[in-house]
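These notes are about the structure you will find just below.
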Amino acid sequence: MIDKRFEGTDQYIATKDLQVAVNAAIVLERPLLVKGEPGTGKTMLAHEVAKALELNLITWHIKSTSTAQQGLYEYDAVSRLRDSQLGDDRVRDIGNYIIPGKLWEAFTADAPTVTLIDEVDKADIEFPNDLLLELDRMEFYVYETKETVRARQRPIIIITSNNEKDLPDAFLRRCFFHYIRFPDKETMKRIVQVHHPDLHESLLKEALEVFFQFREVQGLKKKPSTSELIDWIKLLMVENIPADYLANLDLSKELPPMYGAMLKNEQDVHAFERLRFMQRRM
Amino acid sequence: MFVDFFYLLREAGVPVSTKEFLGFLAAMQARVIEPDVDQFYYLARSTLVKDERFFDPFDKAFAHFFRGAEKFIALTALDIPEEWLKANLERMFTPEELEEIQALGGWEEILRTFRERLAEQEGEHHGGDKWIGTGGRSPYGSGGYNPEGIRIGETGQRRGRAVKVWEQRHYQSLAGNVTLNTRNIKMALRRLRTFTREGVPDELDIDRTIKETARRGVMVDVEMRPARRNNVKVLLFFDIGGSMTPHVKHCEQLFSSARGEFKHLETFYFHNCIYEQVWKDEHRWEGKTKTFEILHKFNRDYRVIIVGDAAMSPYELLQVGGSVDHFNDEPGLAWLTRLRETFPRSVWLNPEPEEDWRFTESIRLIHALFEGRMYPLTLDGLGAAMDVLRRKSGPLPATTLAD
């Protein structure tokens with residue numbers, strides 16, 4: 001049982017609603033599903049929760065080929081076959097060929113862990129359904145050795161999704177849910193400040209101004225998000241771009257310096273060039 | 001104590017289950033939050049709502065419930081029943097005020113303008129004297145100064161109170177009908193997958209190889225199997241009649257997504273309604289195909305998707321010779337019936353907004369013929385359509401038309 005509360009860290013600004021969601025998930029030992037625009041810090045959240053609560057982090061990155069079984073354990077039959085042909089003694093114990101997965105690791109850790117199941121929507125549509133019982137009861141059965149692996153202490157499970165696939169209802173019912181909304185200007189200011197504490201106030205103000213105008217451009221394929229802003233500001237600082245340059249920048253005439261950090265594909269640069277004739281600076 | 005809230009949420013269309021409700025109560029009992037109404041709101045949202053699309057209805061329900069208004073009003077919904085509005089309005093005003101209202105043109109006038117404004121107005125509005133909002137002199141809104149004002153969604157004294165988080169309706173844009181793009185269309189189409197292993201065994205079946213080898217003992221026994229492929233077969237019919245012009249972009253997106261997603265896909269074009277022949281080519285007079293041939297050539301396991309606005313003169317559906325551009329020996333409805341009988345798994349996608357369907361006679365006819373399997377060309381509609389095409393049995397989502 002973890003009696004600490006998560007309130008963000010010096011590297012991560014957690015809004016009040018996010019704190020409530022994380023703490024509810026910790027106290028009630030339910031997985032927390034986090035969604036939101038790309039680049040709003042979904043994956044970061046798990047890292048920061050682990051850091052704030054001083055727990056180990058176990059990450060399980062999901063790919064399109066991932067199966068639920070891989071998170072539990074895998075039976076390395078090929079090694080066993082080879083060993084049997086070489087006459088190795090290990091072959092008698094099937095347990096030698098059971099390779100624990102990330103969830104097994106989390107269940108049997110000595111202290112509670114934060115377990116991140118990253119980008120759960122990348123996997124096959126059925127993937128979340130295969131994990132229902134495991135997440136609910138925090139145990140699973142190993143057929144090969146006929147043992148049941150039970151969580152010694154329930155890990156804090158954080159699941160992220162980019163909304164590429166709808167998740168099954170049965171799975172959703174077992175999770176708490178938080179949608180990270182794109183931060184408003186105030187929060188954004190605080191976020192940038194924790195990343196670039198030595199940033200000049202005036203540059204920050206102008207950069208944010210340009211950034212939010214950027215996001216308002218219609219028809220962008222990928223709107224720049226928090227992580228892009230932070231990268232961009234870093235570049236501005238490295239290049240020593242003065243604040244008044246940004247202040248006098250007319251987006252309808254030219255692209256901002258280092259725009260490559262914010263516009264990630266060619267179509268968007270074109271879209272922007274086309275649109276900026278029509279855009280008036282607000 | 002929150003049971004009423006639970007039912008209100010369900011009524012508002014937020015899919016909350018008992019398990020989630022109990023989870024929420026457990027969280028309250030475990031004192032996860034401090035006694036603070038904002039935190040209470042966050043906790044309720046995080047435990048009860050699992051999809052950002054439902055944040056907006058949730059916010060509205062929450063605002064209603066915890067403000068204790070008489071009846072839950074969907075502020076943005078344009079289909080507030082008139083009778084109901086009237087009944088409530090009449091209760092709210094004193095006889096003197098009612099007289100003044102009569103002087104201003106009466107209820108009808110006010111209601112009409114109210115609807116117009118509601119339709120015109122986009123964001124929320126506070127102050128001022130025209131838009132629907134709060135604290136202004138406009139007759140539409142609440143906490144205002146106009147005796148013939150329409151009060152929306154709240155009863156308490158408004159002035160001096162900060163707008164609450166759930167009243168800001170941040171998640172309105174995330175509700176439901178997200179704009180279509182090729183990617184999310186593809187994701188929706190992807191629901192319609194039936195994977196099968198058919199044909200030449202060209203893939204090494206590792207599991208079976210191991211099993212067989214282990215069973216027999218020493219020698220490695222190689223087992224092969226056919227690769228897994230999406231085997232769903234689809235016939236796609238596009239209406240390219242004149243009234244479809246505004247929807248060309250969405251249809252193009254749907255077409256290009258479908259082409260990428262389904263290996264067995266045949267596309268045909270028609271004008272307004274399907275008659276004895278359809279066209280293989282977009283430029284309609286090329287590549288004529290007899291509809292009978294299609295009915296015979298493709299077997300019942302083909303899924304049929306028809307994309308069209310189904311808006312035409314009822315004669316085109318019901319009369320011999322009713323077609324606008326040729327003489328048809330049989331009415332359109334006969335052909336549609338045949339198609340529907342040959343391909344039981346067929347749906348109609350209609351790019352027109354769902355609320356307008358009921359006004360068009362021909363849409364009503366086709367909707368009835370398709371037993372409600374007509375869906376709007378939105379992400380939700382597309383999803384529902386794919387579910388219908390995929391499932392073999394069980395209750396299927398159908399749309400209904402109000403009278």
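Starting from 1 in every chain, residues are counted up; chains themselves are A, B, ... following the order of the structure tokens, and ligands are numbered from 1 as listed.
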Practice item. Compile the contact shell of stretch 182-191 of chain A as JSON, numbers by chain: residues with an atom at most 12 Å away, counting only C-alpha atoms, same-chain residues fewer than 6 positions apart removed. Key: {"A": [8, 9, 10, 11, 12, 13, 14, 15, 16, 18, 35, 36, 37, 38, 39, 40, 41, 42, 197, 199, 200, 201, 202, 203, 204, 205, 206, 207, 208, 209, 210, 211, 212, 213, 215, 223, 224, 225, 226, 227, 229, 230, 233], "B": [170, 171]}
How about saving the chosen residues, C-alpha atoms kept, as a JSON list (two decimals), in the first residue's frame?
```
[["chain", "number", "residue", "atom", "x", "y", "z"],
["A", 8, "GLY", "CA", 3.84, 16.46, -9.92],
["A", 9, "THR", "CA", 7.60, 16.84, -9.77],
["A", 10, "ASP", "CA", 10.09, 19.58, -10.38],
["A", 11, "GLN", "CA", 10.26, 18.35, -13.97],
["A", 12, "TYR", "CA", 6.59, 17.71, -14.54],
["A", 13, "ILE", "CA", 3.65, 20.01, -14.02],
["A", 14, "ALA", "CA", 0.60, 17.95, -13.15],
["A", 15, "THR", "CA", -2.71, 19.76, -13.27],
["A", 16, "LYS", "CA", -5.12, 19.18, -10.42],
["A", 18, "LEU", "CA", -4.39, 14.71, -13.37],
["A", 35, "LYS", "CA", -4.97, 9.58, -23.48],
["A", 36, "GLY", "CA", -4.26, 12.92, -25.09],
["A", 37, "GLU", "CA", -2.74, 14.63, -28.09],
["A", 38, "PRO", "CA", 0.72, 13.32, -28.99],
["A", 39, "GLY", "CA", 3.42, 15.20, -27.13],
["A", 40, "THR", "CA", 1.42, 16.17, -24.07],
["A", 41, "GLY", "CA", 3.45, 14.00, -21.73],
["A", 42, "LYS", "CA", 1.57, 10.74, -21.45],
["A", 197, "PRO", "CA", 14.47, 27.66, -15.83],
["A", 199, "LEU", "CA", 14.71, 31.34, -19.97],
["A", 200, "HIS", "CA", 14.10, 35.03, -20.18],
["A", 201, "GLU", "CA", 10.54, 36.09, -19.35],
["A", 202, "SER", "CA", 10.16, 38.23, -22.47],
["A", 203, "LEU", "CA", 11.40, 35.51, -24.82],
["A", 204, "LEU", "CA", 9.03, 33.04, -23.19],
["A", 205, "LYS", "CA", 6.12, 35.38, -23.65],
["A", 206, "GLU", "CA", 6.85, 36.00, -27.31],
["A", 207, "ALA", "CA", 7.60, 32.37, -28.05],
["A", 208, "LEU", "CA", 4.33, 31.28, -26.51],
["A", 209, "GLU", "CA", 2.53, 33.95, -28.48],
["A", 210, "VAL", "CA", 3.94, 32.62, -31.75],
["A", 211, "PHE", "CA", 3.36, 29.04, -30.68],
["A", 212, "PHE", "CA", -0.31, 29.47, -29.89],
["A", 213, "GLN", "CA", -0.83, 31.33, -33.14],
["A", 215, "ARG", "CA", -1.62, 26.02, -33.31],
["A", 223, "LYS", "CA", -0.39, 20.56, -34.58],
["A", 224, "PRO", "CA", 2.79, 21.32, -32.63],
["A", 225, "SER", "CA", 2.42, 20.21, -29.02],
["A", 226, "THR", "CA", 4.20, 20.67, -25.73],
["A", 227, "SER", "CA", 7.24, 18.59, -26.56],
["A", 229, "LEU", "CA", 7.44, 23.78, -28.07],
["A", 230, "ILE", "CA", 10.09, 22.78, -25.58],
["A", 233, "ILE", "CA", 12.51, 27.08, -27.26],
["B", 170, "HIS", "CA", -13.53, 22.38, -22.69],
["B", 171, "TYR", "CA", -14.25, 19.04, -24.22]]
```
TODO: List every residue of stretch 115-215 of chain A that DSSP, applied to the backbone, labels as strand (DSSP E or B), and write the result as a list of chain:residue names.
DONE: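 Matching residues, listed in order: A:Thr115, A:Leu116, A:Ile117, A:Asp118, A:Glu139, A:Phe140, A:Tyr141, A:Val142, A:Glu147, A:Thr148, A:Val149, A:Arg150, A:Ile156, A:Ile157, A:Ile158, A:Ile159, A:Thr160, A:Ser161, A:Phe176, A:Phe177, A:His178, A:Tyr179, A:Ile180.
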- Item | Neighbour list for A:Glu126 as number ranges by chain, cut-off 12 Å, only C-alpha atoms, skip fewer than 2 positions in-chain | A: 64-68, 120-124, 128-132, 165-171; B: 191
For the residues in the current selection, export N, CA, C and O atoms as an mmCIF file, in the first residue's frame.
```cif
data_model
loop_
_atom_site.group_PDB
_atom_site.id
_atom_site.type_symbol
_atom_site.label_atom_id
_atom_site.label_comp_id
_atom_site.auth_asym_id
_atom_site.auth_seq_id
_atom_site.Cartn_x
_atom_site.Cartn_y
_atom_site.Cartn_z
ATOM 1 N N SER A 64 2.879 -3.299 -32.871
ATOM 2 C CA SER A 64 1.731 -3.901 -33.545
ATOM 3 C C SER A 64 1.778 -5.416 -33.456
ATOM 4 O O SER A 64 0.775 -6.093 -33.608
ATOM 5 N N THR A 65 2.953 -5.962 -33.179
ATOM 6 C CA THR A 65 3.061 -7.414 -33.117
ATOM 7 C C THR A 65 3.004 -7.951 -31.693
ATOM 8 O O THR A 65 3.100 -9.152 -31.480
ATOM 9 N N SER A 66 2.878 -7.058 -30.713
ATOM 10 C CA SER A 66 2.893 -7.519 -29.322
ATOM 11 C C SER A 66 1.663 -8.363 -29.016
ATOM 12 O O SER A 66 0.582 -8.105 -29.515
ATOM 13 N N THR A 67 1.876 -9.363 -28.186
ATOM 14 C CA THR A 67 0.731 -10.114 -27.689
ATOM 15 C C THR A 67 0.721 -10.018 -26.173
ATOM 16 O O THR A 67 1.743 -9.730 -25.545
ATOM 17 N N ALA A 68 -0.446 -10.264 -25.612
ATOM 18 C CA ALA A 68 -0.577 -10.181 -24.157
ATOM 19 C C ALA A 68 0.343 -11.192 -23.486
ATOM 20 O O ALA A 68 0.945 -10.920 -22.446
ATOM 21 N N VAL A 120 -0.883 1.291 -25.857
ATOM 22 C CA VAL A 120 -1.623 0.026 -25.892
ATOM 23 C C VAL A 120 -2.432 -0.104 -27.186
ATOM 24 O O VAL A 120 -2.731 -1.198 -27.644
ATOM 25 N N ASP A 121 -2.743 1.029 -27.810
ATOM 26 C CA ASP A 121 -3.570 0.992 -29.020
ATOM 27 C C ASP A 121 -2.796 0.532 -30.248
ATOM 28 O O ASP A 121 -3.377 0.306 -31.297
ATOM 29 N N LYS A 122 -1.463 0.381 -30.106
ATOM 30 C CA LYS A 122 -0.683 -0.081 -31.254
ATOM 31 C C LYS A 122 -0.909 -1.561 -31.536
ATOM 32 O O LYS A 122 -0.764 -2.004 -32.665
ATOM 33 N N ALA A 123 -1.250 -2.292 -30.500
ATOM 34 C CA ALA A 123 -1.360 -3.736 -30.648
ATOM 35 C C ALA A 123 -2.669 -4.097 -31.329
ATOM 36 O O ALA A 123 -3.484 -3.241 -31.636
ATOM 37 N N ASP A 124 -2.846 -5.386 -31.535
ATOM 38 C CA ASP A 124 -4.065 -5.859 -32.158
ATOM 39 C C ASP A 124 -5.279 -5.474 -31.315
ATOM 40 O O ASP A 124 -5.184 -5.280 -30.112
ATOM 41 N N PRO A 128 -6.058 -5.804 -25.506
ATOM 42 C CA PRO A 128 -6.480 -5.443 -24.148
ATOM 43 C C PRO A 128 -7.383 -6.499 -23.519
ATOM 44 O O PRO A 128 -7.314 -6.736 -22.311
ATOM 45 N N ASN A 129 -8.201 -7.144 -24.338
ATOM 46 C CA ASN A 129 -9.089 -8.169 -23.789
ATOM 47 C C ASN A 129 -8.326 -9.333 -23.185
ATOM 48 O O ASN A 129 -8.792 -9.962 -22.247
ATOM 49 N N ASP A 130 -7.158 -9.606 -23.750
ATOM 50 C CA ASP A 130 -6.375 -10.730 -23.248
ATOM 51 C C ASP A 130 -5.723 -10.423 -21.906
ATOM 52 O O ASP A 130 -5.143 -11.302 -21.283
ATOM 53 N N LEU A 131 -5.803 -9.181 -21.489
ATOM 54 C CA LEU A 131 -5.146 -8.820 -20.230
ATOM 55 C C LEU A 131 -6.151 -8.562 -19.109
ATOM 56 O O LEU A 131 -5.774 -8.197 -18.005
ATOM 57 N N LEU A 132 -7.435 -8.763 -19.400
ATOM 58 C CA LEU A 132 -8.466 -8.382 -18.432
ATOM 59 C C LEU A 132 -8.261 -9.012 -17.067
ATOM 60 O O LEU A 132 -8.174 -8.336 -16.048
ATOM 61 N N LYS A 165 -6.913 2.989 -31.970
ATOM 62 C CA LYS A 165 -7.977 1.986 -31.998
ATOM 63 C C LYS A 165 -8.845 2.210 -30.778
ATOM 64 O O LYS A 165 -8.354 2.628 -29.734
ATOM 65 N N ASP A 166 -10.116 1.907 -30.917
ATOM 66 C CA ASP A 166 -10.981 1.947 -29.744
ATOM 67 C C ASP A 166 -10.625 0.785 -28.844
ATOM 68 O O ASP A 166 -10.359 -0.310 -29.309
ATOM 69 N N LEU A 167 -10.637 1.045 -27.552
ATOM 70 C CA LEU A 167 -10.347 -0.036 -26.621
ATOM 71 C C LEU A 167 -11.664 -0.681 -26.210
ATOM 72 O O LEU A 167 -12.686 -0.023 -26.137
ATOM 73 N N PRO A 168 -11.623 -1.985 -25.941
ATOM 74 C CA PRO A 168 -12.877 -2.673 -25.610
ATOM 75 C C PRO A 168 -13.474 -2.166 -24.293
ATOM 76 O O PRO A 168 -12.748 -1.807 -23.365
ATOM 77 N N ASP A 169 -14.795 -2.171 -24.226
ATOM 78 C CA ASP A 169 -15.492 -1.655 -23.045
ATOM 79 C C ASP A 169 -15.088 -2.372 -21.768
ATOM 80 O O ASP A 169 -14.897 -1.752 -20.727
ATOM 81 N N ALA A 170 -14.977 -3.697 -21.862
ATOM 82 C CA ALA A 170 -14.657 -4.471 -20.662
ATOM 83 C C ALA A 170 -13.320 -4.009 -20.079
ATOM 84 O O ALA A 170 -13.145 -3.943 -18.869
ATOM 85 N N PHE A 171 -12.429 -3.668 -20.961
ATOM 86 C CA PHE A 171 -11.117 -3.194 -20.528
ATOM 87 C C PHE A 171 -11.243 -1.812 -19.898
ATOM 88 O O PHE A 171 -10.688 -1.548 -18.827
ATOM 89 N N ARG B 191 -12.289 -2.434 -38.606
ATOM 90 C CA ARG B 191 -13.141 -3.301 -37.791
ATOM 91 C C ARG B 191 -13.704 -4.443 -38.618
ATOM 92 O O ARG B 191 -14.083 -5.471 -38.099
#
```
For chain B, work out the contacting residues on chain A at 8 Å, counting only C-alpha atoms, and write them as a short mmCIF file (atom, residue, chain, number, x, y, z; two decimals) with all heavy atoms, in the first residue's frame.
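As a result, result28.cif now contains:
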```cif
data_model
loop_
_atom_site.label_atom_id
_atom_site.label_comp_id
_atom_site.auth_asym_id
_atom_site.auth_seq_id
_atom_site.Cartn_x
_atom_site.Cartn_y
_atom_site.Cartn_z
N LYS A 16 -4.39 19.77 -11.55
CA LYS A 16 -5.12 19.18 -10.42
C LYS A 16 -5.91 17.94 -10.85
O LYS A 16 -5.96 16.94 -10.13
CB LYS A 16 -6.07 20.24 -9.85
CG LYS A 16 -6.58 19.92 -8.47
CD LYS A 16 -5.51 20.10 -7.42
CE LYS A 16 -5.85 19.26 -6.20
NZ LYS A 16 -4.75 19.19 -5.23
N ASP A 17 -6.53 18.02 -12.03
CA ASP A 17 -7.35 16.87 -12.43
C ASP A 17 -6.49 15.63 -12.67
O ASP A 17 -6.89 14.52 -12.34
CB ASP A 17 -8.22 17.19 -13.66
CG ASP A 17 -7.43 17.80 -14.80
OD1 ASP A 17 -6.31 18.29 -14.54
OD2 ASP A 17 -7.92 17.80 -15.94
N VAL A 20 -5.62 14.15 -9.24
CA VAL A 20 -6.74 13.39 -8.66
C VAL A 20 -6.83 12.02 -9.32
O VAL A 20 -6.98 11.00 -8.64
CB VAL A 20 -8.07 14.16 -8.82
CG1 VAL A 20 -9.25 13.27 -8.49
CG2 VAL A 20 -8.08 15.39 -7.96
N ALA A 21 -6.71 11.99 -10.64
CA ALA A 21 -6.83 10.71 -11.36
C ALA A 21 -5.72 9.75 -10.94
O ALA A 21 -5.98 8.58 -10.66
CB ALA A 21 -6.78 10.96 -12.86
N ASN A 23 -3.91 9.75 -8.16
CA ASN A 23 -4.06 9.32 -6.78
C ASN A 23 -5.20 8.34 -6.59
O ASN A 23 -5.10 7.40 -5.79
CB ASN A 23 -4.24 10.55 -5.87
CG ASN A 23 -2.93 11.31 -5.74
OD1 ASN A 23 -1.86 10.70 -5.71
ND2 ASN A 23 -3.01 12.62 -5.70
N ALA A 24 -6.28 8.56 -7.31
CA ALA A 24 -7.40 7.62 -7.22
C ALA A 24 -6.94 6.24 -7.70
O ALA A 24 -7.25 5.23 -7.08
CB ALA A 24 -8.57 8.10 -8.05
N VAL A 27 -4.66 4.68 -4.95
CA VAL A 27 -5.36 4.25 -3.74
C VAL A 27 -6.24 3.04 -4.02
O VAL A 27 -6.27 2.10 -3.24
CB VAL A 27 -6.20 5.40 -3.15
CG1 VAL A 27 -7.06 4.92 -2.01
CG2 VAL A 27 -5.29 6.52 -2.70
N LEU A 28 -6.94 3.06 -5.12
CA LEU A 28 -7.86 1.96 -5.40
C LEU A 28 -7.20 0.84 -6.19
O LEU A 28 -7.85 -0.11 -6.59
CB LEU A 28 -9.09 2.48 -6.13
CG LEU A 28 -9.94 3.39 -5.26
CD1 LEU A 28 -11.10 3.92 -6.04
CD2 LEU A 28 -10.44 2.65 -4.04
N ALA A 77 10.71 -22.82 -26.37
CA ALA A 77 10.75 -24.24 -26.73
C ALA A 77 11.96 -24.58 -27.58
O ALA A 77 12.51 -25.68 -27.49
CB ALA A 77 9.47 -24.60 -27.47
N VAL A 78 12.39 -23.62 -28.38
CA VAL A 78 13.52 -23.90 -29.29
C VAL A 78 14.79 -24.20 -28.50
O VAL A 78 15.50 -25.17 -28.78
CB VAL A 78 13.72 -22.74 -30.27
CG1 VAL A 78 14.93 -22.99 -31.15
CG2 VAL A 78 12.48 -22.55 -31.12
N LEU A 81 14.53 -27.60 -27.02
CA LEU A 81 14.74 -28.63 -28.03
C LEU A 81 16.23 -28.82 -28.30
O LEU A 81 16.75 -29.93 -28.33
CB LEU A 81 14.02 -28.22 -29.32
CG LEU A 81 14.08 -29.21 -30.47
CD1 LEU A 81 13.32 -30.47 -30.11
CD2 LEU A 81 13.51 -28.60 -31.72
N GLN A 85 18.79 -32.06 -27.46
CA GLN A 85 19.62 -32.78 -28.42
C GLN A 85 21.07 -32.78 -28.03
O GLN A 85 21.84 -33.62 -28.43
CB GLN A 85 19.42 -32.17 -29.81
CG GLN A 85 17.96 -32.34 -30.23
CD GLN A 85 17.71 -32.04 -31.68
OE1 GLN A 85 18.31 -31.13 -32.22
NE2 GLN A 85 16.81 -32.78 -32.30
N GLU A 164 -5.57 5.26 -31.58
CA GLU A 164 -5.61 4.73 -32.94
C GLU A 164 -6.66 3.65 -33.07
O GLU A 164 -7.19 3.42 -34.14
CB GLU A 164 -4.24 4.18 -33.32
CG GLU A 164 -3.30 5.29 -33.68
CD GLU A 164 -2.00 4.78 -34.23
OE1 GLU A 164 -1.95 3.62 -34.66
OE2 GLU A 164 -1.04 5.54 -34.24
N LYS A 165 -6.91 2.99 -31.97
CA LYS A 165 -7.98 1.99 -32.00
C LYS A 165 -8.84 2.21 -30.78
O LYS A 165 -8.35 2.63 -29.73
CB LYS A 165 -7.38 0.58 -31.91
CG LYS A 165 -6.57 0.20 -33.09
CD LYS A 165 -6.19 -1.27 -33.03
CE LYS A 165 -5.26 -1.63 -34.16
NZ LYS A 165 -3.85 -1.41 -33.83
N LEU A 172 -12.00 -0.97 -20.54
CA LEU A 172 -12.16 0.40 -20.03
C LEU A 172 -12.78 0.41 -18.65
O LEU A 172 -12.42 1.23 -17.80
CB LEU A 172 -13.03 1.22 -20.99
CG LEU A 172 -12.41 1.52 -22.35
CD1 LEU A 172 -13.39 2.25 -23.24
CD2 LEU A 172 -11.15 2.36 -22.18
N ARG A 173 -13.74 -0.48 -18.44
CA ARG A 173 -14.42 -0.50 -17.15
C ARG A 173 -13.47 -0.76 -16.00
O ARG A 173 -13.71 -0.35 -14.89
CB ARG A 173 -15.52 -1.56 -17.15
CG ARG A 173 -16.81 -1.07 -17.77
CD ARG A 173 -17.97 -1.89 -17.28
NE ARG A 173 -17.96 -3.24 -17.83
CZ ARG A 173 -18.40 -3.54 -19.05
NH1 ARG A 173 -18.86 -2.59 -19.83
NH2 ARG A 173 -18.38 -4.77 -19.48
N ARG A 174 -12.38 -1.45 -16.28
CA ARG A 174 -11.45 -1.79 -15.21
C ARG A 174 -10.43 -0.69 -14.93
O ARG A 174 -9.67 -0.78 -13.99
CB ARG A 174 -10.73 -3.09 -15.55
CG ARG A 174 -11.63 -4.28 -15.36
CD ARG A 174 -11.12 -5.48 -16.08
NE ARG A 174 -11.89 -6.66 -15.71
CZ ARG A 174 -13.03 -6.99 -16.28
NH1 ARG A 174 -13.56 -6.23 -17.21
NH2 ARG A 174 -13.67 -8.08 -15.92
N CYS A 175 -10.40 0.31 -15.80
CA CYS A 175 -9.39 1.35 -15.64
C CYS A 175 -10.03 2.64 -15.12
O CYS A 175 -11.22 2.85 -15.28
CB CYS A 175 -8.75 1.68 -16.98
SG CYS A 175 -8.01 0.32 -17.81
N PHE A 176 -9.21 3.48 -14.56
CA PHE A 176 -9.59 4.87 -14.42
C PHE A 176 -9.07 5.57 -15.67
O PHE A 176 -8.18 5.06 -16.35
CB PHE A 176 -9.00 5.50 -13.17
CG PHE A 176 -9.68 5.02 -11.92
CD1 PHE A 176 -9.12 5.24 -10.67
CD2 PHE A 176 -10.89 4.36 -11.98
CE1 PHE A 176 -9.75 4.81 -9.53
CE2 PHE A 176 -11.53 3.92 -10.84
CZ PHE A 176 -10.95 4.14 -9.62
N PHE A 177 -9.63 6.72 -15.94
CA PHE A 177 -9.31 7.32 -17.23
C PHE A 177 -8.94 8.79 -17.05
O PHE A 177 -9.57 9.51 -16.27
CB PHE A 177 -10.52 7.19 -18.15
CG PHE A 177 -10.39 7.94 -19.45
CD1 PHE A 177 -9.41 7.60 -20.35
CD2 PHE A 177 -11.23 8.99 -19.74
CE1 PHE A 177 -9.27 8.29 -21.55
CE2 PHE A 177 -11.10 9.69 -20.94
CZ PHE A 177 -10.12 9.32 -21.83
N HIS A 178 -7.91 9.21 -17.76
CA HIS A 178 -7.63 10.64 -17.78
C HIS A 178 -7.25 11.06 -19.18
O HIS A 178 -6.48 10.39 -19.86
CB HIS A 178 -6.50 10.99 -16.81
CG HIS A 178 -6.26 12.47 -16.75
ND1 HIS A 178 -7.12 13.31 -16.10
CD2 HIS A 178 -5.32 13.24 -17.30
CE1 HIS A 178 -6.70 14.56 -16.25
NE2 HIS A 178 -5.60 14.54 -16.98
N TYR A 179 -7.81 12.18 -19.59
CA TYR A 179 -7.48 12.74 -20.90
C TYR A 179 -6.64 13.98 -20.66
O TYR A 179 -7.12 14.94 -20.05
CB TYR A 179 -8.75 13.08 -21.67
CG TYR A 179 -8.50 13.61 -23.05
CD1 TYR A 179 -8.31 12.76 -24.11
CD2 TYR A 179 -8.41 14.98 -23.27
CE1 TYR A 179 -8.06 13.24 -25.38
CE2 TYR A 179 -8.15 15.47 -24.55
CZ TYR A 179 -7.98 14.60 -25.59
OH TYR A 179 -7.73 15.07 -26.85
#
```
**Study point:** Sel. of helix (DSSP H, G or I) residues, stretch 260-330 of chain B, as a PyMOL selection string
**Key:** chain B and resi 260-261+291-297+314-318
Kindly export the residues of the current selection with C-alpha atoms, as an mmCIF file, in the first residue's frame.
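The resulting file, part-v4.cif, is shown below:
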```cif
data_model
loop_
_atom_site.group_PDB
_atom_site.id
_atom_site.type_symbol
_atom_site.label_atom_id
_atom_site.label_comp_id
_atom_site.auth_asym_id
_atom_site.auth_seq_id
_atom_site.Cartn_x
_atom_site.Cartn_y
_atom_site.Cartn_z
ATOM 1 C CA GLY B 260 -6.201 0.201 -49.156
ATOM 2 C CA GLU B 261 -8.000 -1.841 -46.565
ATOM 3 C CA THR B 291 -27.063 -5.230 -62.024
ATOM 4 C CA PHE B 292 -28.354 -8.775 -62.562
ATOM 5 C CA GLU B 293 -24.825 -9.880 -63.334
ATOM 6 C CA ILE B 294 -23.630 -8.462 -60.066
ATOM 7 C CA LEU B 295 -26.371 -10.246 -58.177
ATOM 8 C CA HIS B 296 -25.344 -13.532 -59.774
ATOM 9 C CA LYS B 297 -21.618 -13.182 -59.872
ATOM 10 C CA PRO B 314 -40.186 9.169 -54.613
ATOM 11 C CA TYR B 315 -41.149 8.394 -58.227
ATOM 12 C CA GLU B 316 -37.608 7.290 -58.910
ATOM 13 C CA LEU B 317 -38.077 4.601 -56.308
ATOM 14 C CA LEU B 318 -41.685 3.672 -56.849
#
```
Considering only C-alpha atoms, return as a PyMOL selection string whatever protein or nucleic-acid residues lie within 10 Å of B:Ala310, sequence-local ones (same chain, fewer than 4 positions apart) excluded. chain B and resi 239+241+243-244+272-273+306+317+348-352+357+360-367
Who sits within 12 Å of stretch 103-109 of chain A, only C-alpha atoms, same chain under 2 positions skipped, as a VMD selection string: chain A and resid 55 to 61 68 to 74 98 to 101 111 to 117 131 134 to 135 137 to 142 148 to 157
